[in-house]
Structure formats: C-alpha cells, structure tokens
Amino acid sequence: MLAVRSLGIALLAAALRVSAGPLAKRAAAYYDPADDGGSMLTNAGDGYGEPLNVIISGLSSPDVLTYDGSINYARAIGFSTECLGIHIGAPQSANLGDGNGSVNQTIELREDYGSASVGTCLESAIGGNHFRIFVQNGTAADSGALFLAVSYEEDASDGHDIEPNGYDIGRDDLVSDALGTTSYGGVTYSTTAENITGLLSAGSAGINHDISIDGIVTLLTVTVQ
Ligand SMILES: *[C@@H]1O[C@H](CO)[C@@H](O)[C@H](O)[C@H]1NC(C)=O
Ligand SMILES: *[C@@H]1O[C@H](CO)[C@@H](O)[C@H](O)[C@H]1NC(C)=O
Ligand SMILES: *[C@@H]1O[C@H](CO)[C@@H](O)[C@H](O)[C@H]1NC(C)=O
Ligand SMILES: *[C@@H]1O[C@H](CO)[C@@H](O)[C@H](O)[C@H]1NC(C)=O
C-alpha cells in the first residue's frame, strides 16, 4: 500500500516535470549556431544550403514553440502542412550549435491559397512561399527558438526552383503576414519583428541555387494573447 502510494507520487512528480519542461518560459531569444560548431545554412545534401533567415524567438510564448503550436501559428499567418503529406524534394538538416549535431527539419509548411489542403496543393503546382523548421533545443544551447529556412519558389513547371532573390522575398513576405495580430483555431497572436545582421553573410557563398542574399535574419517574437 505504502509502496503503491509512493510510486503514485513519483509518477505524479515525473508528470509535472515533463509538463513544466517544454512549457516553461525560456531564457534566451536564440544562440548563434556558429558559437558551437553550427551554421546558419541548412544542409541541402548537395554541398550547399538554404539560409535560416527567420528565427522565432525563444522568448515567445512557450506554446508557440511546440510542434503543434508552431503549426497552429503557421496557419494563423497563412501556411499549412504540405499538400496531402507529399514532400517535394528531400528533407534538409541543420546544425544549430546546440550539441545535437545535424538534425532533420521537424516539418515543412507551404503557403495556403485558401482552403486547408487544396490550398497547399495549389501552391505545390504554382509555386509560392514555404519554409522548413529546425528547433534549437539541445542541452548546449537550449533557447527553444525555431529557426526557419524560408524561400519563395517558382511553379512546378520550372522544376520548383527558388526564384531569383527568393530567400529574401520569402522572408519579407512571411514577416509581413506575421506582423501584428493574427489568429487561428481560437488562439490569437501578437508578433513583433527585429532585423539582425552578422549571423548570415550577404552574398551567395554556400547558398543553394547560387542565389544571393542580403544577410538579414528577422527575429520574430510571438506572444499568445
Ligand atoms: C526538441 O524539439 C523537437 C522537435 O520539435 C521535439 O521533438 C523534442 O521533444 C524537443 N525536445 C525537448 C527536450 O523539448
Ligand atoms: C533524416 O532524413 C534522411 C532523409 O530522409 C533520412 O535518411 C535520415 O534517416 C533522417 N535522419 C534522422 C535522424 O531522422
Ligand atoms: C536535441 O537533443 C535533446 C537531448 O538529447 C533532445 O531532447 C531533443 O529532442 C533534440 N532536439 C531535436 C530538435 O532533435
Ligand atoms: C528588415 O529588413 C527588410 C529588408 O531590408 C525590410 O524590408 C524590413 O522592413 C526590415 N524590418 C525591420 C523590422 O526592420
């Protein structure tokens, strides 16, 4: 009886620890991946990478930084999960300098042209904005921040390549859709933006498709109302 009760208390304590963990407010907006052997470029598998040109701050509301929460937020700003789960191109990986080494993207989201799944299928056919999410939550740099590789694609007949200037355009489009007040699924968000230089280099060195970037990373701080 006593043993059963203390097992119950131990389980309750473990459950509380688990739920307090990911939902506790973080202490840092982000850590520079380069400080610990990481990179602000993804690994696209061909020796090049896409720039991680938007960061959702670790100081955002904790709910936004979870898997489900990030999808709900993406919907609020006009994206949805990929067309019927069909991935175009292989998933990419990134090393965010958090001690986890190279980790695959958690999810890829595409611009939603109107209706939940049909909208994203339309995007797959005609091009548009999309992004991949990487989470900086290894123990060496546990900001909880979401690093986004955002790009604007040409339509499928052009082989779904990133359009010229497509990284900067993708970032600026996503940011302008995100700023201010948005809502989805009964959750209302308030988003502010700040530009950061010095994390990415301007130019096209190491960038997939040899597309030049301006080197700006936009840091979004998202607060659930
Ligand atoms: C880190 O992020 C990944 C991807 O969302 C998630 O699966 C994992 O549970 C997170 N780990 C912790 C300790 O929060
Ligand atoms: C990452 O994705 C690649 C390509 O799909 C896959 O082969 C690999 O097993 C994945 N790695 C992990 C750790 O899931
Ligand atoms: C990073 O490693 C930690 C500790 O092993 C793990 O909990 C977390 O889920 C990993 N993050 C990702 C994005 O895989
Ligand atoms: C960030 O830089 C982009 C590109 O120059 C610009 O359009 C945008 O207004 C800037 N945003 C902020 C918050 O300064």
# chains A, B, ... in the order shown; residues from 1 in each chain; ligands from 1
call {"tool": "select_by_dssp", "arguments": {"residues": "segment 50-200 of chain A", "states": "alpha helix (DSSP H)", "output": "VMD selection string"}}
result
chain A and resid 67 to 76 116 to 126 166 to 178
call {"tool": "residues_near_ligand", "arguments": {"ligand": "ligand 3", "cutoff": "7 Å", "atoms": "only C-alpha atoms and all ligand atoms", "output": "list in words"}}
result
Asn100, Val103, Phe134, Val135, Gln136, Asn137, Gly138 and Thr139 of chain A
call {"tool": "write_last_selection", "arguments": {"atoms": "C-alpha atoms", "output": "mmCIF file, in the first residue's frame"}}
result
data_model
loop_
_atom_site.group_PDB
_atom_site.id
_atom_site.type_symbol
_atom_site.label_atom_id
_atom_site.label_comp_id
_atom_site.auth_asym_id
_atom_site.auth_seq_id
_atom_site.Cartn_x
_atom_site.Cartn_y
_atom_site.Cartn_z
ATOM 1 C CA ASN A 100 22.696 17.838 -31.119
ATOM 2 C CA VAL A 103 19.213 17.308 -37.127
ATOM 3 C CA PHE A 134 14.512 23.469 -37.110
ATOM 4 C CA VAL A 135 14.407 23.536 -33.303
ATOM 5 C CA GLN A 136 17.334 24.766 -31.170
ATOM 6 C CA ASN A 137 16.730 22.728 -28.044
ATOM 7 C CA GLY A 138 19.861 20.645 -27.448
ATOM 8 C CA THR A 139 21.323 20.960 -23.958
#
call {"tool": "residues_around", "arguments": {"residues": "segment 30-35 of chain A", "least_positions_apart": "6", "cutoff": "7 Å", "atoms": "only C-alpha atoms", "output": "PyMOL selection string"}}
result
chain A and resi 57-58+96-97+141+143+145+199
call {"tool": "residues_near_ligand", "arguments": {"ligand": "ligand 2", "cutoff": "8 Å", "atoms": "only C-alpha atoms and all ligand atoms", "output": "number ranges by chain"}}
result
A: 90-93, 103-105
call {"tool": "residues_near_ligand", "arguments": {"ligand": "ligand 4", "cutoff": "6 Å", "atoms": "only C-alpha atoms and all ligand atoms", "output": "PDB file with C-alpha atoms, in the first residue's frame"}}
result
ATOM      1  CA  ALA A 193       9.970  41.838 -35.622  1.00  0.00           C
ATOM      2  CA  GLU A 194      13.580  42.926 -35.362  1.00  0.00           C
ATOM      3  CA  ASN A 195      16.298  42.566 -38.006  1.00  0.00           C
TER       4      ASN A 195
END
call {"tool": "atom_distance", "arguments": {"atom1": "atom CA of Thr191 of chain A", "atom2": "atom CA of Val217 of chain A"}}
result
15.5 Å
call {"tool": "residues_around", "arguments": {"residues": "segment 169-184 of chain A", "least_positions_apart": "4", "cutoff": "7 Å", "atoms": "only C-alpha atoms", "output": "list in words"}}
result
Asn53, Val54, Asn72, Arg75, Ala76, Ile77, Asn129, Val150, Ser151, Tyr152, Asn165, Thr188, Tyr189, Ser190, Thr191 and Thr192 of chain A
call {"tool": "write_last_selection", "arguments": {"atoms": "C-alpha atoms", "output": "PDB file, in the first residue's frame"}}
result
ATOM      1  CA  ASN A  53      16.566  33.676 -42.425  1.00  0.00           C
ATOM      2  CA  VAL A  54      13.814  33.886 -39.786  1.00  0.00           C
ATOM      3  CA  ASN A  72      -1.202  26.481 -35.435  1.00  0.00           C
ATOM      4  CA  ARG A  75      -1.849  28.506 -40.108  1.00  0.00           C
ATOM      5  CA  ALA A  76      -2.591  31.867 -38.490  1.00  0.00           C
ATOM      6  CA  ILE A  77      -0.096  33.530 -40.830  1.00  0.00           C
ATOM      7  CA  ASN A 129       6.245  30.664 -50.169  1.00  0.00           C
ATOM      8  CA  VAL A 150      12.088  30.475 -45.815  1.00  0.00           C
ATOM      9  CA  SER A 151      12.070  30.619 -49.604  1.00  0.00           C
ATOM     10  CA  TYR A 152       9.827  31.618 -52.450  1.00  0.00           C
ATOM     11  CA  ASN A 165      16.055  36.700 -54.774  1.00  0.00           C
ATOM     12  CA  THR A 188      -4.732  34.999 -31.060  1.00  0.00           C
ATOM     13  CA  TYR A 189      -1.102  36.011 -31.584  1.00  0.00           C
ATOM     14  CA  SER A 190       0.742  39.295 -31.410  1.00  0.00           C
ATOM     15  CA  THR A 191       4.023  39.361 -33.357  1.00  0.00           C
ATOM     16  CA  THR A 192       6.871  41.867 -33.381  1.00  0.00           C
TER      17      THR A 192
END
call {"tool": "closest_residue", "arguments": {"among": "A:Leu59, A:Val187, A:Ile107, A:Ala74", "to": "ligand 1", "atoms": "only C-alpha atoms and all ligand atoms"}}
result
A:Ile107
call {"tool": "closest_residue", "arguments": {"among": "A:Ala44, A:Ile71, A:Leu219, A:Ile55", "to": "ligand 1", "atoms": "only C-alpha atoms and all ligand atoms"}}
result
A:Ile71
call {"tool": "closest_residue", "arguments": {"among": "A:Pro62, A:Pro164, A:Gly78, A:Gly185", "to": "ligand 1", "atoms": "only C-alpha atoms and all ligand atoms"}}
result
A:Pro62
call {"tool": "residues_around", "arguments": {"residues": "His209 of chain A", "least_positions_apart": "5", "cutoff": "9 Å", "atoms": "only C-alpha atoms", "output": "PyMOL selection string"}}
result
chain A and resi 48-50+161-162+204
call {"tool": "residues_around", "arguments": {"residues": "Ser61 of chain A", "least_positions_apart": "4", "cutoff": "8 Å", "atoms": "only C-alpha atoms", "output": "VMD selection string"}}
result
chain A and resid 25 65 222 to 224
call {"tool": "closest_residue", "arguments": {"among": "A:Leu200, A:Tyr73, A:Thr221, A:Ala205", "to": "Pro51 of chain A", "atoms": "only C-alpha atoms"}}
result
A:Leu200
call {"tool": "select_by_dssp", "arguments": {"residues": "segment 38-200 of chain A", "states": "strand (DSSP E)", "output": "ChimeraX atom specification"}}
result
/A:54-56,79-81,93-95,102-104,107-111,128-135,146-153,180-184,187-196
call {"tool": "write_last_selection", "arguments": {"atoms": "N, CA and C atoms", "output": "short mmCIF file (atom, residue, chain, number, x, y, z; two decimals), in the first residue's frame"}}
result
data_model
loop_
_atom_site.label_atom_id
_atom_site.label_comp_id
_atom_site.auth_asym_id
_atom_site.auth_seq_id
_atom_site.Cartn_x
_atom_site.Cartn_y
_atom_site.Cartn_z
N VAL A 54 14.78 33.41 -40.79
CA VAL A 54 13.81 33.89 -39.79
C VAL A 54 14.00 33.04 -38.53
N ILE A 55 14.01 33.70 -37.37
CA ILE A 55 14.06 32.98 -36.10
C ILE A 55 12.83 33.37 -35.29
N ILE A 56 12.11 32.37 -34.78
CA ILE A 56 11.03 32.66 -33.82
C ILE A 56 11.66 32.55 -32.44
N PHE A 79 -0.06 29.68 -43.69
CA PHE A 79 0.62 28.48 -44.19
C PHE A 79 -0.14 27.26 -43.71
N SER A 80 0.11 26.12 -44.35
CA SER A 80 -0.40 24.89 -43.79
C SER A 80 0.55 23.75 -44.13
N THR A 81 0.29 22.56 -43.55
CA THR A 81 1.20 21.44 -43.78
C THR A 81 1.17 21.07 -45.25
N SER A 93 18.75 19.07 -43.34
CA SER A 93 19.17 19.03 -41.94
C SER A 93 19.91 20.32 -41.61
N ALA A 94 20.10 20.58 -40.33
CA ALA A 94 20.86 21.75 -39.89
C ALA A 94 21.51 21.44 -38.55
N ASN A 95 22.66 22.10 -38.33
CA ASN A 95 23.34 22.01 -37.04
C ASN A 95 23.24 23.38 -36.37
N SER A 102 23.86 17.54 -36.45
CA SER A 102 22.98 17.76 -37.58
C SER A 102 21.63 17.07 -37.35
N VAL A 103 20.55 17.83 -37.43
CA VAL A 103 19.21 17.31 -37.13
C VAL A 103 18.29 17.62 -38.31
N ASN A 104 17.45 16.68 -38.69
CA ASN A 104 16.50 16.91 -39.78
C ASN A 104 15.47 17.97 -39.39
N ILE A 107 9.46 19.85 -39.76
CA ILE A 107 8.26 19.94 -40.60
C ILE A 107 8.51 20.98 -41.68
N GLU A 108 7.75 20.83 -42.77
CA GLU A 108 7.82 21.79 -43.88
C GLU A 108 6.41 22.32 -44.10
N LEU A 109 6.27 23.63 -44.17
CA LEU A 109 4.95 24.24 -44.35
C LEU A 109 4.94 25.08 -45.61
N ARG A 110 3.77 25.11 -46.25
CA ARG A 110 3.63 25.83 -47.52
C ARG A 110 2.50 26.84 -47.42
N GLU A 111 2.65 27.85 -48.23
CA GLU A 111 1.62 28.88 -48.29
C GLU A 111 0.27 28.24 -48.64
N GLY A 128 5.23 29.48 -54.76
CA GLY A 128 4.82 30.29 -53.62
C GLY A 128 5.80 30.15 -52.48
N ASN A 129 5.34 30.59 -51.31
CA ASN A 129 6.25 30.66 -50.17
C ASN A 129 6.21 29.36 -49.38
N HIS A 130 7.36 28.94 -48.90
CA HIS A 130 7.37 27.78 -48.00
C HIS A 130 8.54 27.87 -47.04
N PHE A 131 8.45 27.13 -45.95
CA PHE A 131 9.58 27.12 -45.01
C PHE A 131 9.70 25.80 -44.29
N ARG A 132 10.92 25.55 -43.82
CA ARG A 132 11.26 24.37 -43.03
C ARG A 132 11.60 24.86 -41.63
N ILE A 133 11.24 24.06 -40.62
CA ILE A 133 11.51 24.47 -39.23
C ILE A 133 12.56 23.56 -38.61
N PHE A 134 13.51 24.18 -37.90
CA PHE A 134 14.51 23.47 -37.11
C PHE A 134 14.45 24.01 -35.68
N VAL A 135 14.58 23.13 -34.70
CA VAL A 135 14.41 23.54 -33.30
C VAL A 135 15.76 23.54 -32.59
N LEU A 146 12.82 28.58 -32.80
CA LEU A 146 12.59 27.90 -34.07
C LEU A 146 13.36 28.64 -35.16
N PHE A 147 14.22 27.93 -35.86
CA PHE A 147 14.97 28.52 -36.97
C PHE A 147 14.27 28.10 -38.26
N LEU A 148 13.91 29.09 -39.09
CA LEU A 148 13.15 28.83 -40.30
C LEU A 148 13.99 29.11 -41.54
N ALA A 149 13.98 28.17 -42.47
CA ALA A 149 14.57 28.41 -43.79
C ALA A 149 13.40 28.73 -44.72
N VAL A 150 13.25 30.02 -45.05
CA VAL A 150 12.09 30.48 -45.81
C VAL A 150 12.52 30.78 -47.24
N SER A 151 11.75 30.30 -48.22
CA SER A 151 12.07 30.62 -49.60
C SER A 151 10.81 30.68 -50.45
N TYR A 152 10.94 31.44 -51.53
CA TYR A 152 9.83 31.62 -52.45
C TYR A 152 10.16 30.85 -53.73
N GLU A 153 9.26 29.92 -54.10
CA GLU A 153 9.54 29.04 -55.23
C GLU A 153 8.81 29.47 -56.49
N GLY A 180 1.92 41.99 -36.26
CA GLY A 180 0.67 42.47 -35.70
C GLY A 180 -0.15 41.34 -35.12
N THR A 181 -1.47 41.45 -35.28
CA THR A 181 -2.38 40.49 -34.64
C THR A 181 -2.89 39.49 -35.66
N THR A 182 -2.76 38.19 -35.36
CA THR A 182 -3.27 37.13 -36.23
C THR A 182 -3.96 36.10 -35.33
N SER A 183 -4.78 35.23 -35.93
CA SER A 183 -5.37 34.18 -35.10
C SER A 183 -5.76 32.97 -35.92
N TYR A 184 -5.79 31.83 -35.26
CA TYR A 184 -6.24 30.57 -35.88
C TYR A 184 -6.61 29.61 -34.76
N VAL A 187 -6.80 30.74 -31.14
CA VAL A 187 -5.63 31.34 -30.48
C VAL A 187 -5.28 32.64 -31.22
N THR A 188 -5.09 33.72 -30.46
CA THR A 188 -4.73 35.00 -31.06
C THR A 188 -3.28 35.33 -30.72
N TYR A 189 -2.53 35.75 -31.74
CA TYR A 189 -1.10 36.01 -31.58
C TYR A 189 -0.79 37.47 -31.84
N SER A 190 0.20 37.98 -31.12
CA SER A 190 0.74 39.30 -31.41
C SER A 190 2.23 39.11 -31.73
N THR A 191 2.66 39.63 -32.89
CA THR A 191 4.02 39.36 -33.36
C THR A 191 4.77 40.66 -33.62
N THR A 192 5.99 40.74 -33.10
CA THR A 192 6.87 41.87 -33.38
C THR A 192 8.12 41.35 -34.09
N ALA A 193 8.80 42.25 -34.84
CA ALA A 193 9.97 41.84 -35.62
C ALA A 193 11.16 42.76 -35.37
N GLU A 194 12.33 42.18 -35.51
CA GLU A 194 13.58 42.93 -35.36
C GLU A 194 14.58 42.30 -36.34
N ASN A 195 15.31 43.11 -37.07
CA ASN A 195 16.30 42.57 -38.01
C ASN A 195 17.65 42.41 -37.35
N ILE A 196 18.31 41.30 -37.66
CA ILE A 196 19.63 41.02 -37.08
C ILE A 196 20.63 40.83 -38.21
#
call {"tool": "atom_distance", "arguments": {"atom1": "atom CA of Thr197 of chain A", "atom2": "atom CA of Gln225 of chain A"}}
result
29.1 Å
call {"tool": "closest_residue", "arguments": {"among": "A:Asp68, A:Asp112, A:Asp63, A:Asp36", "to": "Ala140 of chain A", "atoms": "only C-alpha atoms"}}
result
A:Asp36
call {"tool": "atom_distance", "arguments": {"atom1": "atom CA of Ala27 of chain A", "atom2": "atom CA of Ile216 of chain A"}}
result
23.3 Å
call {"tool": "closest_residue", "arguments": {"among": "A:Thr106, A:Thr218, A:Ser201, A:Ser60", "to": "ligand 1", "atoms": "only C-alpha atoms and all ligand atoms"}}
result
A:Thr106
call {"tool": "decode", "arguments": {"residues": "segment 177-202 of chain A", "atoms": "N, CA, C and O atoms", "output": "CSV table (one decimal), in the first residue's frame"}}
result
chain,number,residue,atom,x,y,z
A,177,ASP,N,3.2,39.0,-43.3
A,177,ASP,CA,2.0,38.3,-43.0
A,177,ASP,C,1.9,38.0,-41.5
A,177,ASP,O,0.8,37.8,-40.9
A,178,ALA,N,3.0,38.0,-40.8
A,178,ALA,CA,3.1,37.6,-39.4
A,178,ALA,C,2.9,38.8,-38.5
A,178,ALA,O,2.3,38.6,-37.4
A,179,LEU,N,3.3,40.0,-38.9
A,179,LEU,CA,3.4,41.1,-38.0
A,179,LEU,C,2.0,41.5,-37.5
A,179,LEU,O,1.0,41.4,-38.2
A,180,GLY,N,1.9,42.0,-36.3
A,180,GLY,CA,0.7,42.5,-35.7
A,180,GLY,C,-0.1,41.3,-35.1
A,180,GLY,O,0.4,40.4,-34.6
A,181,THR,N,-1.5,41.4,-35.3
A,181,THR,CA,-2.4,40.5,-34.6
A,181,THR,C,-2.9,39.5,-35.7
A,181,THR,O,-3.4,39.9,-36.7
A,182,THR,N,-2.8,38.2,-35.4
A,182,THR,CA,-3.3,37.1,-36.2
A,182,THR,C,-4.0,36.1,-35.3
A,182,THR,O,-3.8,36.1,-34.1
A,183,SER,N,-4.8,35.2,-35.9
A,183,SER,CA,-5.4,34.2,-35.1
A,183,SER,C,-5.8,33.0,-35.9
A,183,SER,O,-6.0,33.1,-37.1
A,184,TYR,N,-5.8,31.8,-35.3
A,184,TYR,CA,-6.2,30.6,-35.9
A,184,TYR,C,-6.6,29.6,-34.8
A,184,TYR,O,-5.9,29.6,-33.7
A,185,GLY,N,-7.7,28.8,-35.0
A,185,GLY,CA,-8.0,27.8,-34.0
A,185,GLY,C,-8.3,28.3,-32.6
A,185,GLY,O,-8.0,27.7,-31.7
A,186,GLY,N,-8.8,29.6,-32.6
A,186,GLY,CA,-9.2,30.1,-31.3
A,186,GLY,C,-8.0,30.7,-30.5
A,186,GLY,O,-8.1,31.1,-29.4
A,187,VAL,N,-6.8,30.7,-31.1
A,187,VAL,CA,-5.6,31.3,-30.5
A,187,VAL,C,-5.3,32.6,-31.2
A,187,VAL,O,-5.2,32.7,-32.4
A,188,THR,N,-5.1,33.7,-30.5
A,188,THR,CA,-4.7,35.0,-31.1
A,188,THR,C,-3.3,35.3,-30.7
A,188,THR,O,-2.9,35.2,-29.6
A,189,TYR,N,-2.5,35.8,-31.7
A,189,TYR,CA,-1.1,36.0,-31.6
A,189,TYR,C,-0.8,37.5,-31.8
A,189,TYR,O,-1.4,38.1,-32.7
A,190,SER,N,0.2,38.0,-31.1
A,190,SER,CA,0.7,39.3,-31.4
A,190,SER,C,2.2,39.1,-31.7
A,190,SER,O,3.0,38.5,-31.0
A,191,THR,N,2.7,39.6,-32.9
A,191,THR,CA,4.0,39.4,-33.4
A,191,THR,C,4.8,40.7,-33.6
A,191,THR,O,4.3,41.6,-34.3
A,192,THR,N,6.0,40.7,-33.1
A,192,THR,CA,6.9,41.9,-33.4
A,192,THR,C,8.1,41.4,-34.1
A,192,THR,O,8.5,40.2,-34.0
A,193,ALA,N,8.8,42.2,-34.8
A,193,ALA,CA,10.0,41.8,-35.6
A,193,ALA,C,11.2,42.8,-35.4
A,193,ALA,O,11.0,43.9,-35.1
A,194,GLU,N,12.3,42.2,-35.5
A,194,GLU,CA,13.6,42.9,-35.4
A,194,GLU,C,14.6,42.3,-36.3
A,194,GLU,O,14.6,41.1,-36.4
A,195,ASN,N,15.3,43.1,-37.1
A,195,ASN,CA,16.3,42.6,-38.0
A,195,ASN,C,17.7,42.4,-37.3
A,195,ASN,O,18.1,43.3,-36.6
A,196,ILE,N,18.3,41.3,-37.7
A,196,ILE,CA,19.6,41.0,-37.1
A,196,ILE,C,20.6,40.8,-38.2
A,196,ILE,O,20.4,40.1,-39.2
A,197,THR,N,21.8,41.5,-38.1
A,197,THR,CA,22.8,41.3,-39.1
A,197,THR,C,24.0,40.6,-38.4
A,197,THR,O,24.1,40.6,-37.1
A,198,GLY,N,24.9,40.0,-39.1
A,198,GLY,CA,26.0,39.4,-38.6
A,198,GLY,C,25.9,37.9,-38.3
A,198,GLY,O,26.9,37.2,-38.0
A,199,LEU,N,24.7,37.3,-38.4
A,199,LEU,CA,24.5,35.9,-38.3
A,199,LEU,C,24.8,35.2,-39.7
A,199,LEU,O,25.4,34.1,-39.7
A,200,LEU,N,24.2,35.8,-40.7
A,200,LEU,CA,24.4,35.3,-42.1
A,200,LEU,C,25.3,36.3,-42.9
A,200,LEU,O,25.2,37.5,-42.6
A,201,SER,N,26.1,35.9,-43.8
A,201,SER,CA,26.8,36.8,-44.6
A,201,SER,C,26.0,37.1,-45.8
A,201,SER,O,25.3,36.3,-46.4
A,202,ALA,N,26.1,38.4,-46.3
A,202,ALA,CA,25.5,38.8,-47.5
A,202,ALA,C,26.3,38.1,-48.7
A,202,ALA,O,27.4,37.9,-48.6
